[in-house]
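Inspection log for the structure reproduced underneath, given as structure tokens.
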Amino acid sequence: MYSEELRRKAARVADKKAAIGPDVDLGMFESAPVPHKYLADEELCELPEEEQKHLLMAGLDVTQKDRGGTYFQKDTSVIHCDSRQEGIEVLPIRRALEQKDWVRDYYWKLVAVDTDKYTAAAELNLHDGYVIRSLPGAKSIYPIQACLYLDKDSLQQNVHNIIIAEEDSELHIITGCATSPHLKKGAHVGISEFFVKKNAKLSFTMIHNWAEDMVVRPRSAARVEEGGLFINNYVCMKPVKTLQMYPVTHLVGEGAVARFYSIIVGSPGSEFDVGGRIFLKKPGTRAEIVARTISNGAKIIARGHLIGEVPEIRAHLECKGLILKGGVIHAIPELEGHVEGVEMSHEAAVGKIAQEEISYLMSRGLTADEAASTIVRGFLNVDIPGLPPQLKAEIDKVIEQSDKDMM
Amino acid sequence: MLFIEDLQVELGGKIILDHIDLEIRQGETHVLFGPNGSGKTSLLMTIMGYPQYRILKGKILFKGVDITNSPINERARLGIGMSYQRPPTIHGLKTRQMVDICSRGEAKVEDLAMRVNFQDFLDRDVNAGFSGGEIKRSELLQLLAQDPDLMLFDEPESGVDLENISLVGRTIATLLQRDHEGIPEVSKSKMQLKRERTKMGLIITHTGYILDYVNADKGQVLFDGMLSCVSNPREILTCIGESGYAECVRCIVKN
């Protein structure tokens, strides 16, 4: 009954354009299920080497070494899903919706099903997605890895993810979206709902590794309770046709903290409209949004919106862009204080590599090109407090690789 | 050896250095005095090769190579290094990585850092939020790693507190192979040490404190974009202290 209501709501907005970002004709894509065989642990390691490398760049290590669990979806099918840590659950969402009643308490609770045609698609034709939950007090030693992989050309992949860090738990997730090397065109619609309960800590590191003609429309929202910490990292260094997302986070408990970091390198023909919005609803909450964007000929809109609703909140927005080889970077930082006693600030800059810094490094022996590349790497090297070193290393690896491609 | 002949330099459409002749022989250290705005930093930046300092006339030779038009990094490779007064911050680049760059990956970073008491700063971004004294120690650490043959110091003692001034002074003396000075019991004779010395230095100073640690060979006064005298650095310092730069230059030129 309840599901019928959701479907009805979704059906009503099946053609509704998104509030921002270029409109996409979803009719260009197919969304019929694509069956793939489930792979056991050892079969994962037998994937072609090229594919393995590709997956690794999106954070998925098929050997599952130093990973606490894996969710791997290829096109519309789950091909691997397990948890290797006590207290951490990893489930495909379709199965979870059938078997676990509690999932309904979270499903479409933060993102409205009738937001736009993308949320509608995810409800009306849900392929799958993951539910990852850390039980109260559980601490994930190794990160859980999740990968949403597109292999079939012209497919529109619809997924819905629910991530729950129960009270006093600690959960780290690295999630990659990638396309197989031969794929040209495709669409990815991903709903993600994050629940960070009292004194829990959740870090979510998302690495995108798309193809040139990919359309990407994530829709996500988070709710952080008292004393909770939510770290949301986003890295995209590869081309994409159009990517638009504006995740929102609600800090609803005292002392809740949210930190958003995004690193985007846009190549020619790519269009990004990305940002984050954080509502600070209780005293003592803190929010930080840091974006580093580089354009090598892309169009990048970098948004950030902080809303302070009560006194004694602190929020900072930092949005820096470098235009290296043409393109547009449009930084839109917004601060909204609703009462006395908020402390909110922003720092936005769009520019080029400072000649003074190049000269300084040249006087230490680097060539002009080496100096520029060193500065760019530094620009993308953001310190993320609270992120496990292993995940920081994953981010560094992606930057390093892309640096080689770029220079 | 550094050899500068009849140098004329323009910055932003204005001649800022003119008729500069300067020779620093192997093993020599010179001190450069001059009032604010006289062109001291400009001279160092020109020797280092900063492109905004346009050389209109004259030439610069280093180790016999004409470097008048060489880019900065080629000069660095030839053995010129600089300790800056206000170096830029490079976000995301750790001091540790910078030291690696300076030594081309060959230095033991921790060991070098210990020499300038800088271990705690290795994992901070280069120059980010460093105090005056921290910048100086960071610059010296980079020079220790780079190990150049000609070192240009832009006011190495400015902004350094009393506790660190001797550390800075002694490190510069080490860099310039002058750390045995004032120690009578070294086995080699002063003449011998001097003969074996290869490092060259050019040090800008206002206060002359650095002379307590580095016994410079010559002093130069830069006044209105021109080098006006060559003399014993202590004498120059005394003269400037007593009668000011203008008077000092006039007096010495007459003599």
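So you can find residues: chains in the structure tokens are A, B, ... in the order shown, residues in each start at 1, and ligands are numbered from 1 in order.
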DSSP-assigned strand (DSSP E or B) members of region 29-239 of chain B, reported as JSON, numbers by chain: {"B": [29, 30, 31, 32, 33, 54, 55, 56, 57, 58, 59, 60, 61, 62, 65, 66, 80, 81, 82, 83, 90, 91, 92, 93, 94, 125, 126, 150, 151, 152, 153, 154, 200, 201, 202, 203, 204, 218, 219, 220, 221, 222, 223, 226, 227, 228, 229, 230, 231]}
Who sits within 6 Å of region 117-133 of chain A, only C-alpha atoms, same chain under 6 positions skipped, as a PyMOL selection string: chain A and resi 10+13-16+76+88-94+158-165
For Pro181 (chain A): contacts at 10 Å, only C-alpha atoms, fewer than 4 positions along chain excluded, given as an NGL selection string: :A and (50-51 or 54 or 150-151 or 210-211)
Residue hits in chain B, query chain A, radius 6 Å, only C-alpha atoms, as JSON, numbers by chain: {"B": [72, 73, 76, 77, 91, 92, 93, 102]}
Those in region 12-74 of chain B with alpha helix (DSSP H) from DSSP, as a ChimeraX atom specification: /B:40-48,72-74
Can I get the selection written as a CSV table (one decimal), in the first residue's frame, with C-alpha atoms?
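Writing the result to again.csv gives the following:
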chain,number,residue,atom,x,y,z
B,40,LYS,CA,68.8,45.2,-3.1
B,41,THR,CA,66.1,42.6,-3.4
B,42,SER,CA,65.9,43.4,-7.1
B,43,LEU,CA,69.5,42.7,-7.6
B,44,LEU,CA,69.1,39.3,-6.0
B,45,MET,CA,66.0,38.5,-8.0
B,46,THR,CA,67.9,39.5,-11.2
B,47,ILE,CA,70.8,37.3,-10.4
B,48,MET,CA,68.3,34.4,-9.6
B,72,ILE,CA,65.6,30.5,-13.2
B,73,ASN,CA,65.8,26.7,-13.1
B,74,GLU,CA,68.9,26.6,-15.3
Ala348 (chain A) surroundings by only C-alpha atoms, 9 Å radius, close-in-sequence under 2 positions cut, as a list in words: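 Contacts, with the query itself left out: Leu317, Glu318, Cys319, Lys320, Gly321, Ala331, Ile332, Pro333, His346 and Val350 of chain A.
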Selected residues written out with all heavy atoms, as a tab-separated table (two decimals), in the first residue's frame:
chain	number	residue	atom	x	y	z
A	317	LEU	N	32.81	27.91	3.90
A	317	LEU	CA	32.71	27.43	2.53
A	317	LEU	C	33.96	27.89	1.80
A	317	LEU	O	34.33	29.06	1.87
A	317	LEU	CB	31.47	28.07	1.93
A	317	LEU	CG	31.04	27.83	0.50
A	317	LEU	CD1	30.87	26.35	0.26
A	317	LEU	CD2	29.72	28.53	0.27
A	318	GLU	N	34.62	26.95	1.15
A	318	GLU	CA	35.82	27.33	0.41
A	318	GLU	C	35.72	26.77	-0.99
A	318	GLU	O	35.56	25.57	-1.18
A	318	GLU	CB	37.05	26.76	1.13
A	318	GLU	CG	38.36	27.18	0.52
A	318	GLU	CD	39.53	26.46	1.18
A	318	GLU	OE1	39.66	26.54	2.41
A	318	GLU	OE2	40.30	25.82	0.45
A	319	CYS	N	35.79	27.64	-1.94
A	319	CYS	CA	35.54	27.21	-3.30
A	319	CYS	C	36.63	27.80	-4.18
A	319	CYS	O	36.65	29.00	-4.43
A	319	CYS	CB	34.17	27.75	-3.69
A	319	CYS	SG	33.59	27.10	-5.21
A	320	LYS	N	37.57	26.96	-4.60
A	320	LYS	CA	38.68	27.49	-5.38
A	320	LYS	C	38.75	26.80	-6.74
A	320	LYS	O	38.62	25.57	-6.82
A	320	LYS	CB	39.99	27.27	-4.63
A	320	LYS	CG	40.12	28.16	-3.41
A	320	LYS	CD	41.49	28.03	-2.80
A	320	LYS	CE	41.61	28.91	-1.57
A	320	LYS	NZ	42.80	28.57	-0.80
A	321	GLY	N	38.95	27.59	-7.74
A	321	GLY	CA	39.02	27.03	-9.09
A	321	GLY	C	40.25	27.52	-9.84
A	321	GLY	O	40.71	28.65	-9.64
A	331	ALA	N	31.75	29.88	-9.70
A	331	ALA	CA	31.62	29.56	-8.28
A	331	ALA	C	30.42	30.31	-7.72
A	331	ALA	O	30.31	31.52	-7.90
A	331	ALA	CB	32.89	29.95	-7.54
A	332	ILE	N	29.54	29.57	-7.05
A	332	ILE	CA	28.37	30.22	-6.45
A	332	ILE	C	28.29	29.88	-4.97
A	332	ILE	O	27.62	28.94	-4.56
A	332	ILE	CB	27.06	29.76	-7.15
A	332	ILE	CG1	27.21	29.87	-8.67
A	332	ILE	CG2	25.87	30.60	-6.67
A	332	ILE	CD1	26.00	29.37	-9.45
A	333	PRO	N	29.02	30.63	-4.16
A	333	PRO	CA	28.95	30.36	-2.72
A	333	PRO	C	27.80	31.15	-2.09
A	333	PRO	O	27.63	32.33	-2.37
A	333	PRO	CB	30.29	30.87	-2.21
A	333	PRO	CG	30.75	31.88	-3.21
A	333	PRO	CD	29.98	31.69	-4.49
A	346	HIS	N	32.91	32.55	3.82
A	346	HIS	CA	33.28	31.83	2.60
A	346	HIS	C	34.48	32.47	1.93
A	346	HIS	O	34.81	33.63	2.15
A	346	HIS	CB	32.12	31.67	1.63
A	346	HIS	CG	31.84	32.87	0.78
A	346	HIS	ND1	32.67	33.23	-0.26
A	346	HIS	CD2	30.84	33.75	0.79
A	346	HIS	CE1	32.17	34.29	-0.85
A	346	HIS	NE2	31.07	34.65	-0.23
A	350	VAL	N	38.67	32.12	-8.35
A	350	VAL	CA	38.86	31.45	-9.64
A	350	VAL	C	40.06	32.13	-10.28
A	350	VAL	O	40.10	33.35	-10.38
A	350	VAL	CB	37.62	31.60	-10.55
A	350	VAL	CG1	37.89	30.98	-11.91
A	350	VAL	CG2	36.40	30.95	-9.91
